[in-house]
Each structure stands twice: as structure tokens, then as C-alpha cells.
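Since the structure comes first, as C-alpha cells, the remarks are kept for the end.
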Amino acid sequence: MITLLIPTINRFSFIKKYLIYLQAEGFNGQVLIGDSSDKSNFDATQKYIESNEFSFEISQYAFPNMYPHQCIKKMLKDIKFPFSMFICDDDILVLNTLKKCLKFLENNPSYSGVGGISVLAKLDTDNYNNVVSTYVYRVREMVCQSASERVIDLFSDYSVVNYALARTEQFKCRWPDDPNGKNYDKAIGTEILPCAILAAQGKVKMLDELFCVRQAHEDRIILPSFFDTVMQPQWADTLNFAIEKLSNIVSSYDQITYNKANMTVTHAWTSHLNKWAR
């Protein structure tokens, strides 16, 4: 059985469509919604959930002014199934492929995550029910043998492998602790660090099956540019914490010293930043 963790903010229409879709497809797992929305959007979602019956368990949490990774961190304690996945409120999973992902993880203990083909669907600005165009959204496998090699591989040719089903025990380790209650950098906390930890934990498989339809629309929340990111006061603290956390994980999985793991992680992350800055 599978738990889906869905952070959301002020996009009731997308959440509603997602729940309708999961119900229509017979999803029978658990859905945890970390809702950072304003009152009107939160109340609309709450009313919709309370007025309908679902084939799956569903919980909505009020997390005002929180980033997605902060919402996920707070919901981890309520996961009740052995397999889990983070998914945005506007990115639709293909449930038949998700079931195949579960079977793959059950039969392949050396893999920490499994996903598949992703496509990006551009929505009509005036009518989000119409798709204007589609193209493949590139994701790739991580198949090197050691955690160090996989982290180097990820950062040498970065791909968002975070959209993958994982074992809940490993999934829980991927989300930052938000040290000292600081307002953690969103890109690192929600995407880059979880991707890197997933790669460190084991190999990552991408099935040759349609897995996720990502929707491009006017209400998307786009990450800031490189310059704007590094100018944020919390960015340096976030990066140092992330490198330390990832180094500890690589050290544990590869059974090498922390210093050796830290050298590998720092070099790999530096390479990624250099490419991003160009």
C-alpha cells in the first residue's frame, strides 16, 4: 500500500481534480495534504473532503506559510503504509505504473526509488482543462554501485529523480530538519537534497512506462534565479547543513569516513552549482 504526500498552496481547483482522479482510478492508499493555503482555499478543500466519500484515507493539515518540504516533514509521523511518495498538487501520477513501481521495489532491494517516463503538459492560459502542447520531461536512472558514485553521477548531469516511489523508512530520511527553525531554502529542501539522498540510499530505476504528467500553467510557483537564490540570507546555512547531512548518509551507506564522504559530496555539489551559475 502507498501513501501520497501532497503539499499545496492556494490551488483548490488542482487538489479537487487530483482527488477526483484518484477516486475514479480506484486508489486505495493514503493521501496526506499539507495545506499552506489562505482561508478561502483551505476551507474549500476541507468542505470538498468532508462532503465526499473516498476509496482511500485522506487527511488535510493546516500549515500556513510553510514550504513544501516543511509540510512533508510534519506529515511523516502519520504515514501508515510501507511505500511513500511526494507529489505536487498539479503533477498527476499514472496509477497503473505506480503499482508496477511498487512491485519493482518489492523485488529489487538494492533500489531506493523507482519512477518512469514524465511528460510536461502545457495548459491553455484561459482554460486549464485544455492541453496546448506536451513534451517529455527528462528524468534518468541512477545505477552506479556506491552511494558516492551515484551522488557524483546525479550532480554531474542533474535530473529530478525525487519523483519516485520509495520505501517509507528511506523516504522519511530525505527531508531536512529545518535546523533552529530557520526558513530553509525551498529548492534545496524540497528538491535537491531529497534527490541526492534518494540517490545515496540506493539505485534509482525509471520504468519505460508513462508515470507522471506534470502540468505547466500560469499558477505555477517558479524557483528564483541563481543570483536571487544565493542572495537569500538563509541560503548559505541551508547549503552547509545539506552537505553535512548528505555526507553523513554517504558515509553510512559506503562505510567510509565522514571526511572522505564530505570531500566527495562537496566536490559534486560544487560542480552542480558551477553549472547552474553559468
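We label chains A, B, ... in the order they appear in the C-alpha cells, count residues from 1 in each chain, and number ligands from 1 in the order shown.
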For this session: Can you check which residues of segment 71-255 of chain A DSSP gives as helix (DSSP H, G or I) on the backbone and send them as number ranges by chain?
Result: A: 71-78, 95-107, 147-156, 168-174, 179-181, 186-201, 226-230, 235-254
Problem set entry | Nearby residues (only C-alpha atoms) at most 8 Å from Arg167 of chain A, same-chain spacing under 2 positions excluded, as a list of chain:residue names | A:Pro82, A:Phe83, A:Ser84, A:Leu105, A:Ser112, A:Gly113, A:Leu165, A:Glu169, A:Gln170, A:Phe171
Within 8 Å of Tyr184 of chain A, counting only C-alpha atoms, which residues show up once you throw out same-chain ones fewer than 3 positions away? Write them as a compact mmCIF listing (two decimals) with C-alpha atoms, in the first residue's frame, please.
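Saved the output as selection-v9.txt:
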```txt
# COMPACT_ATOMS: atom_id res chain seq x y z
CA ASP A 178 14.99 22.79 9.28
CA GLY A 189 14.79 21.44 0.93
CA GLN A 234 19.32 31.52 4.68
CA TRP A 235 20.92 30.01 1.58
CA THR A 238 20.95 25.69 4.17
```
Exercise. Which is closest to Thr97 of chain A among A:Asp78, A:Ser133, A:Glu209, A:Asn28, if we use only C-alpha atoms?
Worked result: A:Glu209
Problem set entry | Sel. of strand (DSSP E) residues, segment 54-258 of chain A, as a ChimeraX atom specification | /A:57-62,83-86,91-93,111-124,127-137,165-167,203-216
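Distances to Asn240 of chain A were evaluated for A:Trp269, A:Tyr258, A:Trp175, A:Tyr18 using only C-alpha atoms, and the minimum falls at A:Trp269.
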For this session: Find the residues around Asp35 of chain A up to 6 Å (only C-alpha atoms counted), leave out those fewer than 6 positions away in its own chain, and share them as a list of chain:residue names.
Result: A:Pro7, A:Thr8, A:Ile9, A:Tyr61, A:Ala62, A:Phe63
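Proximity ranking of A:Cys212, A:Leu154, A:Ile221, A:Met263 relative to Val94 of chain A places A:Cys212 first, based on only C-alpha atoms.
Closest approach to Met85 of chain A among A:Tyr158, A:Ala166, A:Ile72, A:Phe14 is made by A:Ala166 (distances from only C-alpha atoms).
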Residues within 12 Å of Phe42 of chain A, only C-alpha atoms, excluding chain neighbours under 2 positions, as a CSV table (one decimal) with all heavy atoms, in the first residue's frame:
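Written out: part-v3.csv:
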```
chain,number,residue,atom,x,y,z
A,8,THR,N,0.4,21.8,-0.9
A,8,THR,CA,-0.4,22.6,-1.7
A,8,THR,C,-0.5,24.0,-1.2
A,8,THR,O,-0.5,24.2,0.1
A,8,THR,CB,-1.8,22.0,-2.0
A,8,THR,OG1,-2.5,22.8,-3.0
A,8,THR,CG2,-2.6,22.0,-0.7
A,9,ILE,N,-0.7,25.0,-2.0
A,9,ILE,CA,-0.9,26.4,-1.6
A,9,ILE,C,-1.8,27.1,-2.6
A,9,ILE,O,-1.4,27.2,-3.8
A,9,ILE,CB,0.4,27.1,-1.3
A,9,ILE,CG1,0.1,28.6,-0.8
A,9,ILE,CG2,1.3,27.2,-2.5
A,9,ILE,CD1,1.3,29.3,-0.3
A,10,ASN,N,-3.0,27.4,-2.2
A,10,ASN,CA,-4.0,28.3,-3.0
A,10,ASN,C,-4.3,27.7,-4.3
A,10,ASN,O,-4.4,28.5,-5.3
A,10,ASN,CB,-3.4,29.7,-3.1
A,10,ASN,CG,-3.3,30.4,-1.7
A,10,ASN,OD1,-4.0,30.1,-0.8
A,10,ASN,ND2,-2.4,31.4,-1.6
A,11,ARG,N,-4.4,26.4,-4.4
A,11,ARG,CA,-4.8,25.8,-5.7
A,11,ARG,C,-5.9,24.7,-5.5
A,11,ARG,O,-5.7,23.5,-5.8
A,11,ARG,CB,-3.5,25.2,-6.3
A,11,ARG,CG,-2.6,26.2,-6.8
A,11,ARG,CD,-1.6,25.8,-7.9
A,11,ARG,NE,-0.7,24.8,-7.5
A,11,ARG,CZ,0.6,24.8,-7.8
A,11,ARG,NH1,1.1,25.8,-8.5
A,11,ARG,NH2,1.4,23.8,-7.5
A,12,PHE,N,-7.0,25.2,-4.9
A,12,PHE,CA,-8.1,24.2,-4.6
A,12,PHE,C,-8.5,23.5,-5.9
A,12,PHE,O,-8.8,22.3,-5.8
A,12,PHE,CB,-9.3,25.0,-4.0
A,12,PHE,CG,-10.5,24.2,-4.0
A,12,PHE,CD1,-10.7,23.0,-3.3
A,12,PHE,CD2,-11.6,24.6,-4.8
A,12,PHE,CE1,-11.9,22.3,-3.3
A,12,PHE,CE2,-12.8,23.9,-4.9
A,12,PHE,CZ,-12.9,22.7,-4.1
A,13,SER,N,-8.6,24.2,-7.0
A,13,SER,CA,-9.1,23.5,-8.2
A,13,SER,C,-8.2,22.3,-8.6
A,13,SER,O,-8.7,21.3,-9.1
A,13,SER,CB,-9.1,24.5,-9.4
A,13,SER,OG,-7.8,25.0,-9.7
A,15,ILE,N,-6.2,20.5,-6.4
A,15,ILE,CA,-6.4,19.5,-5.4
A,15,ILE,C,-7.7,18.7,-5.7
A,15,ILE,O,-7.8,17.5,-5.6
A,15,ILE,CB,-6.5,20.1,-4.0
A,15,ILE,CG1,-5.0,20.4,-3.6
A,15,ILE,CG2,-7.1,19.2,-3.0
A,15,ILE,CD1,-4.2,19.1,-3.2
A,16,LYS,N,-8.8,19.4,-6.0
A,16,LYS,CA,-10.1,18.8,-6.3
A,16,LYS,C,-10.0,17.8,-7.5
A,16,LYS,O,-10.5,16.7,-7.4
A,16,LYS,CB,-11.1,19.9,-6.6
A,16,LYS,CG,-12.5,19.3,-6.9
A,16,LYS,CD,-13.5,20.4,-7.2
A,16,LYS,CE,-14.9,19.9,-7.5
A,16,LYS,NZ,-15.9,21.0,-7.8
A,33,ILE,N,-2.5,15.7,2.8
A,33,ILE,CA,-2.4,17.0,2.1
A,33,ILE,C,-1.9,18.1,3.1
A,33,ILE,O,-2.5,18.4,4.1
A,33,ILE,CB,-3.8,17.5,1.6
A,33,ILE,CG1,-4.3,16.5,0.6
A,33,ILE,CG2,-3.7,18.9,1.0
A,33,ILE,CD1,-5.7,16.7,0.2
A,34,GLY,N,-0.7,18.6,2.8
A,34,GLY,CA,-0.1,19.7,3.6
A,34,GLY,C,-0.5,21.0,3.0
A,34,GLY,O,0.1,21.4,2.0
A,35,ASP,N,-1.5,21.6,3.6
A,35,ASP,CA,-2.1,22.8,3.0
A,35,ASP,C,-1.6,24.1,3.6
A,35,ASP,O,-1.9,24.4,4.8
A,35,ASP,CB,-3.6,22.7,3.2
A,35,ASP,CG,-4.4,23.5,2.2
A,35,ASP,OD1,-3.9,24.5,1.7
A,35,ASP,OD2,-5.6,23.1,1.9
A,36,SER,N,-0.9,24.9,2.8
A,36,SER,CA,-0.4,26.2,3.2
A,36,SER,C,-1.3,27.3,2.7
A,36,SER,O,-0.8,28.5,2.7
A,36,SER,CB,1.0,26.4,2.7
A,36,SER,OG,1.9,25.4,3.3
A,37,SER,N,-2.5,27.0,2.2
A,37,SER,CA,-3.3,28.0,1.6
A,37,SER,C,-3.9,29.0,2.5
A,37,SER,O,-3.9,28.9,3.7
A,37,SER,CB,-4.5,27.2,0.9
A,37,SER,OG,-4.0,26.3,0.0
A,38,ASP,N,-4.4,30.1,1.9
A,38,ASP,CA,-5.2,31.1,2.6
A,38,ASP,C,-6.5,30.4,3.0
A,38,ASP,O,-6.8,29.3,2.7
A,38,ASP,CB,-5.4,32.3,1.8
A,38,ASP,CG,-6.2,32.1,0.5
A,38,ASP,OD1,-6.9,31.1,0.4
A,38,ASP,OD2,-5.9,32.9,-0.5
A,39,LYS,N,-7.3,31.2,3.8
A,39,LYS,CA,-8.5,30.6,4.4
A,39,LYS,C,-9.5,30.1,3.4
A,39,LYS,O,-10.1,29.0,3.5
A,39,LYS,CB,-9.2,31.6,5.4
A,39,LYS,CG,-10.3,31.0,6.2
A,39,LYS,CD,-10.9,32.0,7.2
A,39,LYS,CE,-11.9,31.4,8.1
A,39,LYS,NZ,-13.0,30.7,7.4
A,40,SER,N,-9.7,30.9,2.4
A,40,SER,CA,-10.7,30.5,1.4
A,40,SER,C,-10.4,29.2,0.7
A,40,SER,O,-11.3,28.4,0.5
A,40,SER,CB,-11.0,31.7,0.4
A,40,SER,OG,-9.8,31.9,-0.4
A,44,ALA,N,-12.3,25.6,1.2
A,44,ALA,CA,-12.9,25.0,0.0
A,44,ALA,C,-12.4,23.5,0.0
A,44,ALA,O,-13.3,22.6,-0.3
A,44,ALA,CB,-12.5,25.7,-1.2
A,45,THR,N,-11.2,23.3,0.2
A,45,THR,CA,-10.7,21.9,0.2
A,45,THR,C,-11.3,21.1,1.3
A,45,THR,O,-11.7,19.9,1.1
A,45,THR,CB,-9.1,21.9,0.3
A,45,THR,OG1,-8.6,22.6,-0.8
A,45,THR,CG2,-8.6,20.5,0.3
A,46,GLN,N,-11.3,21.7,2.5
A,46,GLN,CA,-11.9,21.0,3.6
A,46,GLN,C,-13.3,20.6,3.4
A,46,GLN,O,-13.8,19.5,3.7
A,46,GLN,CB,-11.8,21.9,4.9
A,46,GLN,CG,-12.3,21.2,6.2
A,46,GLN,CD,-12.1,22.2,7.4
A,46,GLN,OE1,-12.6,23.3,7.3
A,46,GLN,NE2,-11.4,21.7,8.4
A,47,LYS,N,-14.1,21.5,2.9
A,47,LYS,CA,-15.5,21.3,2.6
A,47,LYS,C,-15.7,20.2,1.5
A,47,LYS,O,-16.6,19.3,1.7
A,47,LYS,CB,-16.2,22.6,2.1
A,47,LYS,CG,-17.7,22.4,1.8
A,47,LYS,CD,-18.3,23.7,1.4
A,47,LYS,CE,-19.8,23.6,1.1
A,47,LYS,NZ,-20.4,24.9,0.7
A,48,TYR,N,-14.8,20.2,0.5
A,48,TYR,CA,-14.9,19.2,-0.5
A,48,TYR,C,-14.6,17.8,0.1
A,48,TYR,O,-15.3,16.8,-0.2
A,48,TYR,CB,-14.0,19.5,-1.7
A,48,TYR,CG,-14.1,18.4,-2.8
A,48,TYR,CD1,-15.1,18.5,-3.7
A,48,TYR,CD2,-13.1,17.4,-2.9
A,48,TYR,CE1,-15.2,17.5,-4.7
A,48,TYR,CE2,-13.2,16.5,-3.9
A,48,TYR,CZ,-14.3,16.5,-4.8
A,48,TYR,OH,-14.4,15.5,-5.7
A,49,ILE,N,-13.6,17.7,0.9
A,49,ILE,CA,-13.3,16.4,1.5
A,49,ILE,C,-14.4,15.9,2.4
A,49,ILE,O,-14.8,14.7,2.4
A,49,ILE,CB,-11.9,16.5,2.3
A,49,ILE,CG1,-10.8,16.8,1.4
A,49,ILE,CG2,-11.7,15.3,3.2
A,49,ILE,CD1,-9.5,17.1,2.1
A,60,GLN,N,-6.2,16.3,5.8
A,60,GLN,CA,-5.7,17.7,5.4
A,60,GLN,C,-5.2,18.3,6.6
A,60,GLN,O,-5.8,18.3,7.7
A,60,GLN,CB,-6.9,18.5,4.9
A,60,GLN,CG,-6.6,19.9,4.4
A,60,GLN,CD,-7.8,20.7,4.2
A,60,GLN,OE1,-8.9,20.4,4.7
A,60,GLN,NE2,-7.7,21.8,3.5
A,61,TYR,N,-4.0,19.0,6.5
A,61,TYR,CA,-3.3,19.7,7.6
A,61,TYR,C,-3.2,21.2,7.3
A,61,TYR,O,-2.9,21.5,6.1
A,61,TYR,CB,-1.9,19.1,7.8
A,61,TYR,CG,-1.9,17.6,8.0
A,61,TYR,CD1,-2.0,16.7,7.0
A,61,TYR,CD2,-1.7,17.1,9.3
A,61,TYR,CE1,-1.9,15.3,7.2
A,61,TYR,CE2,-1.7,15.8,9.6
A,61,TYR,CZ,-1.8,14.9,8.5
A,61,TYR,OH,-1.7,13.5,8.8
A,62,ALA,N,-3.4,22.0,8.3
A,62,ALA,CA,-3.3,23.4,8.1
A,62,ALA,C,-1.8,23.8,8.4
A,62,ALA,O,-1.4,23.8,9.6
A,62,ALA,CB,-4.2,24.2,9.0
A,63,PHE,N,-1.1,24.2,7.4
A,63,PHE,CA,0.3,24.5,7.6
A,63,PHE,C,0.6,25.9,6.9
A,63,PHE,O,1.2,26.0,5.9
A,63,PHE,CB,1.3,23.5,6.9
A,63,PHE,CG,1.3,22.2,7.6
A,63,PHE,CD1,1.4,21.0,6.8
A,63,PHE,CD2,1.1,22.1,9.0
A,63,PHE,CE1,1.4,19.8,7.5
A,63,PHE,CE2,1.2,20.8,9.6
A,63,PHE,CZ,1.3,19.7,8.8
A,64,PRO,N,0.0,27.0,7.4
A,64,PRO,CA,0.1,28.3,6.8
A,64,PRO,C,1.6,28.7,6.7
A,64,PRO,O,2.4,28.5,7.6
A,64,PRO,CB,-0.7,29.2,7.7
A,64,PRO,CG,-0.8,28.5,9.0
A,64,PRO,CD,-0.8,27.0,8.7
```
For this session: Kindly give the distance, in Å, that separates atom CA of Ser59 of chain A and atom CA of Leu32 of chain A, rounded to a single decimal.
Result: 5.0 Å
8 Å contact set for segment 245-254 of chain A, only C-alpha atoms, chain neighbours under 4 positions out, as a PDB file with C-alpha atoms, in the first residue's frame:
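result30.pdb was written with the following content:
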```
ATOM      1  CA  SER A 146      28.170   3.021  -4.481  1.00  0.00           C
ATOM      2  CA  ALA A 147      26.460   5.977  -2.823  1.00  0.00           C
ATOM      3  CA  SER A 148      29.453   8.181  -3.644  1.00  0.00           C
ATOM      4  CA  LEU A 193      18.655  17.423  -1.089  1.00  0.00           C
ATOM      5  CA  ALA A 196      20.645  13.499  -3.580  1.00  0.00           C
ATOM      6  CA  ILE A 197      19.644  11.448  -0.530  1.00  0.00           C
ATOM      7  CA  ALA A 200      22.763   7.925  -1.991  1.00  0.00           C
ATOM      8  CA  GLN A 201      20.347   5.418  -0.465  1.00  0.00           C
ATOM      9  CA  PHE A 241      23.509  21.826   6.507  1.00  0.00           C
ATOM     10  CA  TYR A 258      32.819  11.242   7.163  1.00  0.00           C
ATOM     11  CA  LYS A 260      36.078  11.202   2.737  1.00  0.00           C
ATOM     12  CA  ALA A 261      32.335  11.340   2.118  1.00  0.00           C
ATOM     13  CA  ASN A 262      32.300  15.085   2.738  1.00  0.00           C
ATOM     14  CA  VAL A 265      29.742  15.458  -1.640  1.00  0.00           C
TER      15      VAL A 265
END
```
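Counting from atom CA of Arg138 of chain A, the distance to atom CA of Arg220 of chain A is 18.7 Å.
Residues in contact with Ala121 of chain A at up to 7 Å, not including ones fewer than 5 positions away on its chain and judged by only C-alpha atoms, are A:Val131, A:Ser133, A:Thr134, A:Tyr135, A:Val213, A:Arg214, A:Gln215, A:Ala216.
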Writer output for current selection, N, CA and C atoms, as a short mmCIF file (atom, residue, chain, number, x, y, z; two decimals), in the first residue's frame:
```
data_model
loop_
_atom_site.label_atom_id
_atom_site.label_comp_id
_atom_site.auth_asym_id
_atom_site.auth_seq_id
_atom_site.Cartn_x
_atom_site.Cartn_y
_atom_site.Cartn_z
N VAL A 131 -5.22 21.15 -22.97
CA VAL A 131 -3.77 20.99 -23.08
C VAL A 131 -3.33 21.54 -24.43
N SER A 133 0.09 21.81 -25.48
CA SER A 133 1.21 21.04 -26.04
C SER A 133 1.79 20.15 -24.96
N THR A 134 2.56 19.16 -25.37
CA THR A 134 3.22 18.25 -24.44
C THR A 134 4.63 17.95 -24.93
N TYR A 135 5.52 17.68 -24.00
CA TYR A 135 6.84 17.16 -24.37
C TYR A 135 7.40 16.36 -23.20
N VAL A 213 2.40 13.04 -15.29
CA VAL A 213 2.08 14.14 -16.19
C VAL A 213 2.18 15.43 -15.38
N ARG A 214 3.20 16.22 -15.67
CA ARG A 214 3.41 17.49 -14.98
C ARG A 214 2.70 18.59 -15.77
N GLN A 215 1.97 19.44 -15.07
CA GLN A 215 1.18 20.48 -15.73
C GLN A 215 1.88 21.84 -15.64
N ALA A 216 2.06 22.48 -16.78
CA ALA A 216 2.64 23.83 -16.85
C ALA A 216 1.51 24.83 -17.02
#
```
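Of the listed residues A:Arg278, A:His69, A:His272, A:Lys205, the one whose atoms come nearest to Val143 of chain A is A:Lys205, with distances taken using only C-alpha atoms.
Each of A:Ala199, A:Ala187, A:Leu210, A:Ile152 was checked against Thr270 of chain A using only C-alpha atoms; the smallest atom-to-atom distance is that of A:Ile152.
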